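S.K.: First the structure, then my questions, so here it is.
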Amino acid sequence: MPPAIMGIINVSPDSFYQKSRMIKQTDVLKTAETMLSSGASFLDIGGYSSRPGALDITKKEEILRIIPVIKAVCKAFPESIISVDTFRSEVAERAIEAGASMVNDISGGQLDKKMFETVGRLQVPYILMHMRGNPKTMKTMARYNNLFKEIVVYLNKRIIELLECNVSDIFLDVGFGFAKTIDHNYELLKNLSYFNMFGLPLLVGLSRKSMIYKTLNTDPEEALNGTTVLNTIAVLNKASILRVHDVKEAIEILELLKKGEFDILN
């Protein structure tokens with residue numbers, strides 16, 4: 001199958017990319033409509049900022065931010081496939097009850113030990129990401145003796161745990177920017193196809209991240225061109241899903257690669 005596009009919807013006031021911050025439900029619905037009409041296959045809705053050093057919020061606050069939005073998007077666009085971006089099992093369960101269809105967990109089940117059990121009971125797809133620590137501490141934990149080996153060991157262990165919890169629909173995310181230096185990120189991108197060893201679809205989240213704007217001495221608002229370049233590399237390395245702020249531009253990548261008859265099928 002060709003790669004799919006996941007549009008990012010942040011229902012939080014402190015996302016690293018200012019233009020992606022949405023508080024009003026009307027803004028969320030407008031963004032969802034634009035993303036879906038541009039070709040997004042999924043919408044990833046989250047209310048907890050995972051940027052480095054992000055402030056913690058309570059479970060109650062996270063639920064209050066995202067549940068009304070998920071319900072509104074489902075009502076307005078009943079055919080949409082919604083992923084909930086959370087590392088909390090209770091939030092994930094409430095989101096699925098509200099209409100979400102999959103769980104995107106940045107912590108790989110390590111910040112809530114009930115997550116795998118919950119996803120198995122709910123029988124929904126799960127996005128397993130590699131990270132160390134939490135958003136507050138991850139920058140201090142970007143030290144590896146062998147980057148690829150340690151990520152593979154981590155993912156393999158989590159996959160076994162998920163299968164034991166009856167979770168079989170698993171996507172992998174190597175976690176660009178999460179407990180990784182800029183050099184780590186580029187090394188992972190260059191060798192992304194290495195992770196095809198698992199035989200599971202790869203989700204790639206590079207959109208407007210610091211590995212782009214810090215390298216180019218700019219900011220997230222000016223990082224679209226760099227995002228497009230790196231997303232193209234990811235697709236050529238067999239990424240199955242691109243998680244992006246800018247759906248139209250990501251769709252254009254796929255259209256151009258298809259026209260050039262590049263091998264982008266997974």
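Ligands are numbered from 1 in the order shown, residues from 1 within each chain, and chains are lettered A, B, ... in the order they appear in the structure tokens.
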Enumerate, as JSON, numbers by chain, the complete set of residues in range 28-255 of chain A that a backbone-based DSSP assignment places in alpha helix (DSSP H).

M.R.: {"A": [28, 29, 30, 31, 32, 33, 34, 35, 36, 37, 38, 59, 60, 61, 62, 63, 64, 65, 66, 67, 68, 69, 70, 71, 72, 73, 74, 75, 76, 89, 90, 91, 92, 93, 94, 95, 96, 97, 98, 115, 116, 117, 118, 119, 120, 121, 122, 147, 148, 149, 150, 151, 152, 153, 154, 155, 156, 157, 158, 159, 160, 161, 162, 163, 164, 182, 183, 184, 185, 186, 187, 188, 189, 190, 210, 211, 212, 213, 224, 225, 226, 227, 228, 229, 230, 231, 232, 233, 234, 235, 236, 247, 248, 249, 250, 251, 252, 253, 254, 255]}

S.K.: Excluding Gly177 in chain A and any residue of its chain fewer than 3 positions from it, enumerate the residues within 8 Å of it, using only C-alpha atoms, and give them as a ChimeraX atom specification.

M.R.: /A:180-182,185,209-211

S.K.: Would you write out those residues with N, CA and C atoms, as a PDB file, in the first residue's frame?

M.R.:
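What landed in selection.pdb:
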```pdb
ATOM      1  N   LYS A 180      16.720  12.083  21.727  1.00  0.00           N
ATOM      2  CA  LYS A 180      17.654  11.936  20.607  1.00  0.00           C
ATOM      3  C   LYS A 180      18.319  13.290  20.354  1.00  0.00           C
ATOM      4  N   THR A 181      19.588  13.271  20.032  1.00  0.00           N
ATOM      5  CA  THR A 181      20.246  14.494  19.579  1.00  0.00           C
ATOM      6  C   THR A 181      19.916  14.712  18.110  1.00  0.00           C
ATOM      7  N   ILE A 182      20.277  15.875  17.591  1.00  0.00           N
ATOM      8  CA  ILE A 182      20.060  16.129  16.159  1.00  0.00           C
ATOM      9  C   ILE A 182      20.816  15.105  15.320  1.00  0.00           C
ATOM     10  N   ASN A 185      18.984  11.870  15.225  1.00  0.00           N
ATOM     11  CA  ASN A 185      17.813  11.936  14.359  1.00  0.00           C
ATOM     12  C   ASN A 185      18.174  11.704  12.896  1.00  0.00           C
ATOM     13  N   LYS A 209      10.169  19.870  13.223  1.00  0.00           N
ATOM     14  CA  LYS A 209      10.892  19.634  14.468  1.00  0.00           C
ATOM     15  C   LYS A 209      12.243  20.348  14.490  1.00  0.00           C
ATOM     16  N   SER A 210      12.837  20.368  15.697  1.00  0.00           N
ATOM     17  CA  SER A 210      14.077  21.127  15.889  1.00  0.00           C
ATOM     18  C   SER A 210      15.239  20.573  15.075  1.00  0.00           C
ATOM     19  N   MET A 211      15.217  19.295  14.718  1.00  0.00           N
ATOM     20  CA  MET A 211      16.277  18.763  13.875  1.00  0.00           C
ATOM     21  C   MET A 211      16.317  19.475  12.530  1.00  0.00           C
TER      22      MET A 211
END
```

S.K.: Could you tell me which of A:Val73, A:Ala234, A:Ala250, A:Leu29 comes closest to Leu189 in chain A if we count only C-alpha atoms?

M.R.: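 Distance minimum relative to Leu189 in chain A lands on A:Ala234.
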
S.K.: So which residues of range 76-260 of chain A fall under strand (DSSP E or B) by DSSP, listed as number ranges by chain?

M.R.: A: 82-85, 102-105, 126-129, 170-173, 202-204, 241-244

S.K.: Could you list, as an mmCIF file with C-alpha atoms, in the first residue's frame, every residue within 9 Å of range 46-61 of chain A, counting only C-alpha atoms and ignoring same-chain residues fewer than 6 positions away?

M.R.:
```cif
data_model
loop_
_atom_site.group_PDB
_atom_site.id
_atom_site.type_symbol
_atom_site.label_atom_id
_atom_site.label_comp_id
_atom_site.auth_asym_id
_atom_site.auth_seq_id
_atom_site.Cartn_x
_atom_site.Cartn_y
_atom_site.Cartn_z
ATOM 1 C CA ILE A 8 -1.763 16.740 13.665
ATOM 2 C CA ILE A 9 -4.397 18.548 15.733
ATOM 3 C CA ASN A 10 -3.042 19.996 18.994
ATOM 4 C CA VAL A 11 -5.674 21.032 21.504
ATOM 5 C CA SER A 12 -3.146 22.641 23.807
ATOM 6 C CA PRO A 13 -1.840 26.173 24.382
ATOM 7 C CA ASP A 14 1.857 25.274 24.388
ATOM 8 C CA SER A 15 2.667 23.113 21.367
ATOM 9 C CA PHE A 16 6.155 23.884 20.004
ATOM 10 C CA SER A 83 -5.980 8.718 16.680
ATOM 11 C CA VAL A 84 -5.682 9.941 20.253
ATOM 12 C CA ASP A 85 -2.228 11.206 21.190
ATOM 13 C CA THR A 86 -1.853 10.280 24.865
ATOM 14 C CA ARG A 88 -2.459 7.789 29.793
ATOM 15 C CA GLU A 90 -7.704 6.374 31.164
ATOM 16 C CA VAL A 91 -7.499 9.196 28.613
ATOM 17 C CA ILE A 106 4.799 8.597 22.898
ATOM 18 C CA ASN A 134 9.281 11.978 29.843
ATOM 19 C CA PRO A 135 8.921 15.335 28.060
ATOM 20 C CA LYS A 136 10.565 17.109 31.004
ATOM 21 C CA THR A 137 13.587 14.805 31.261
ATOM 22 C CA MET A 138 14.124 13.285 27.812
ATOM 23 C CA LYS A 139 16.721 15.835 26.666
ATOM 24 C CA GLY A 177 13.393 14.234 18.722
ATOM 25 C CA PHE A 178 12.500 12.197 21.799
#
```

S.K.: Extract, using only C-alpha atoms, all DNA, RNA and protein residues at most 9 Å from His245 in chain A, discarding same-chain residues fewer than 3 positions from it, and format them as a PDB file with N, CA and C atoms, in the first residue's frame.

M.R.:
```
ATOM      1  N   MET A   6      -1.130  11.446   8.255  1.00  0.00           N
ATOM      2  CA  MET A   6      -1.823  11.706   9.512  1.00  0.00           C
ATOM      3  C   MET A   6      -1.684  13.190   9.843  1.00  0.00           C
ATOM      4  N   GLY A   7      -2.795  13.881   9.963  1.00  0.00           N
ATOM      5  CA  GLY A   7      -2.772  15.305  10.288  1.00  0.00           C
ATOM      6  C   GLY A   7      -2.757  15.532  11.789  1.00  0.00           C
ATOM      7  N   ILE A   8      -1.928  16.450  12.245  1.00  0.00           N
ATOM      8  CA  ILE A   8      -1.763  16.740  13.665  1.00  0.00           C
ATOM      9  C   ILE A   8      -2.733  17.837  14.100  1.00  0.00           C
ATOM     10  N   ILE A   9      -3.515  17.545  15.140  1.00  0.00           N
ATOM     11  CA  ILE A   9      -4.397  18.548  15.733  1.00  0.00           C
ATOM     12  C   ILE A   9      -4.062  18.658  17.214  1.00  0.00           C
ATOM     13  N   SER A  20      -0.045  25.561  15.260  1.00  0.00           N
ATOM     14  CA  SER A  20      -0.799  24.319  15.433  1.00  0.00           C
ATOM     15  C   SER A  20      -1.612  24.321  16.719  1.00  0.00           C
ATOM     16  N   MET A  35      -7.731  19.362   6.478  1.00  0.00           N
ATOM     17  CA  MET A  35      -6.837  18.206   6.415  1.00  0.00           C
ATOM     18  C   MET A  35      -7.482  17.033   5.683  1.00  0.00           C
ATOM     19  N   SER A 207       7.635  16.525  11.360  1.00  0.00           N
ATOM     20  CA  SER A 207       7.074  17.802  10.957  1.00  0.00           C
ATOM     21  C   SER A 207       7.541  18.982  11.805  1.00  0.00           C
ATOM     22  N   ARG A 208       8.295  19.886  11.160  1.00  0.00           N
ATOM     23  CA  ARG A 208       8.722  21.170  11.734  1.00  0.00           C
ATOM     24  C   ARG A 208       9.534  21.019  13.017  1.00  0.00           C
TER      25      ARG A 208
END
```

S.K.: If we count only C-alpha atoms and set the cut-off at 12 Å, which residues sit around Phe262 in chain A, ignoring sequence neighbours fewer than 3 positions away in its own chain? Please answer as a list in words.

M.R.: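 These residues fall inside the cut-off: Pro2, Thr232, Ile233, Val235, Leu236, Asn237, Lys238, Ile253, Leu254, Glu255, Leu256, Leu257, Lys258, Lys259 and Leu265 of chain A.
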
S.K.: Can you write just those residues out, C-alpha atoms, as a PDB file, in the first residue's frame?

M.R.:
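File result-v9.pdb, as written:
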```
ATOM      1  CA  PRO A   2       1.156   3.587  -0.559  1.00  0.00           C
ATOM      2  CA  THR A 232      10.443  12.602   1.115  1.00  0.00           C
ATOM      3  CA  ILE A 233      13.488  10.733   2.409  1.00  0.00           C
ATOM      4  CA  VAL A 235       8.841   7.795   2.230  1.00  0.00           C
ATOM      5  CA  LEU A 236      11.695   6.528   0.062  1.00  0.00           C
ATOM      6  CA  ASN A 237      12.840   4.553   3.105  1.00  0.00           C
ATOM      7  CA  LYS A 238       9.412   2.864   3.382  1.00  0.00           C
ATOM      8  CA  ILE A 253       5.204  14.387  -1.972  1.00  0.00           C
ATOM      9  CA  LEU A 254       3.294  11.176  -2.616  1.00  0.00           C
ATOM     10  CA  GLU A 255       1.841  12.437  -5.894  1.00  0.00           C
ATOM     11  CA  LEU A 256       5.245  13.463  -7.259  1.00  0.00           C
ATOM     12  CA  LEU A 257       6.950  10.238  -6.211  1.00  0.00           C
ATOM     13  CA  LYS A 258       4.131   8.224  -7.745  1.00  0.00           C
ATOM     14  CA  LYS A 259       4.420  10.207 -10.991  1.00  0.00           C
ATOM     15  CA  LEU A 265       4.748   0.871  -1.722  1.00  0.00           C
TER      16      LEU A 265
END
```

S.K.: Just checking: using only C-alpha atoms, which residue out of A:Ile66, A:Val247, A:Val119, A:Lys149 ends up closest to Ser41 in chain A?

M.R.: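 Using only C-alpha atoms, Ser41 in chain A sits closest to A:Val247.
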
S.K.: Please list as a PyMOL selection string every residue within 9 Å of Gly39 in chain A, counting only C-alpha atoms and excluding residues in the same chain fewer than 2 positions away.

M.R.: chain A and resi 4-5+34-37+41+247-248+251

S.K.: Excluding Ala76 in chain A and residues on its chain fewer than 6 positions from it, collect all residues at most 10 Å away from it, counting only C-alpha atoms, and give them as a ChimeraX atom specification.

M.R.: /A:29,32-33,70

S.K.: How would the residues just picked look written out with N, CA and C atoms as a PDB file, in the first residue's frame?

M.R.:
```pdb
ATOM      1  N   LEU A  29     -12.431  22.184  14.040  1.00  0.00           N
ATOM      2  CA  LEU A  29     -13.278  21.643  12.977  1.00  0.00           C
ATOM      3  C   LEU A  29     -12.865  22.169  11.606  1.00  0.00           C
ATOM      4  N   ALA A  32      -9.668  20.301  10.768  1.00  0.00           N
ATOM      5  CA  ALA A  32      -9.990  18.919  10.420  1.00  0.00           C
ATOM      6  C   ALA A  32     -10.562  18.832   9.007  1.00  0.00           C
ATOM      7  N   GLU A  33     -11.450  19.742   8.680  1.00  0.00           N
ATOM      8  CA  GLU A  33     -12.048  19.747   7.334  1.00  0.00           C
ATOM      9  C   GLU A  33     -10.978  19.967   6.264  1.00  0.00           C
ATOM     10  N   ILE A  70     -12.932  15.474  20.134  1.00  0.00           N
ATOM     11  CA  ILE A  70     -13.091  14.202  19.423  1.00  0.00           C
ATOM     12  C   ILE A  70     -14.558  13.972  19.080  1.00  0.00           C
TER      13      ILE A  70
END
```

S.K.: Mind pulling up the distance from CA of Leu147 in chain A to CA of His184 in chain A?

M.R.: 7.6 Å

S.K.: Go through A:Tyr186, A:Phe42, A:Phe87, A:Tyr154 one by one, measure the shortest atom-to-atom distance of each to His130 in chain A using only C-alpha atoms, and give the residue with the smallest value.

M.R.: A:Tyr154

S.K.: Mind giving me the straight-line distance from CA of Leu128 in chain A to CA of Asp27 in chain A in Å, one decimal?

M.R.: 28.8 Å

S.K.: So, with only C-alpha atoms as the atoms that count, which of A:Thr140, A:Asn266, A:Gln25, A:Asn166 lies closest to Asn196 in chain A?

M.R.: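 Closest residue, counting only C-alpha atoms: A:Asn266.
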
S.K.: Taking only C-alpha atoms into account, which of A:Tyr144, A:Phe176, A:Phe116, A:Phe198 comes nearest Leu163 in chain A?

M.R.: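 Checking each candidate against Leu163 in chain A, we get A:Phe116 as the closest.
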
S.K.: Would you mind telling me which residue in A:Leu188, A:Leu111, A:Leu122, A:Ile212 lies nearest to Ile96 in chain A when using only C-alpha atoms?

M.R.: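 Residue with the minimum atom-to-atom distance to Ile96 in chain A: A:Leu122.
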
S.K.: Can you measure CA of Gly99 in chain A to CA of Asp169 in chain A for me? One decimal in Å is fine.

M.R.: 18.0 Å
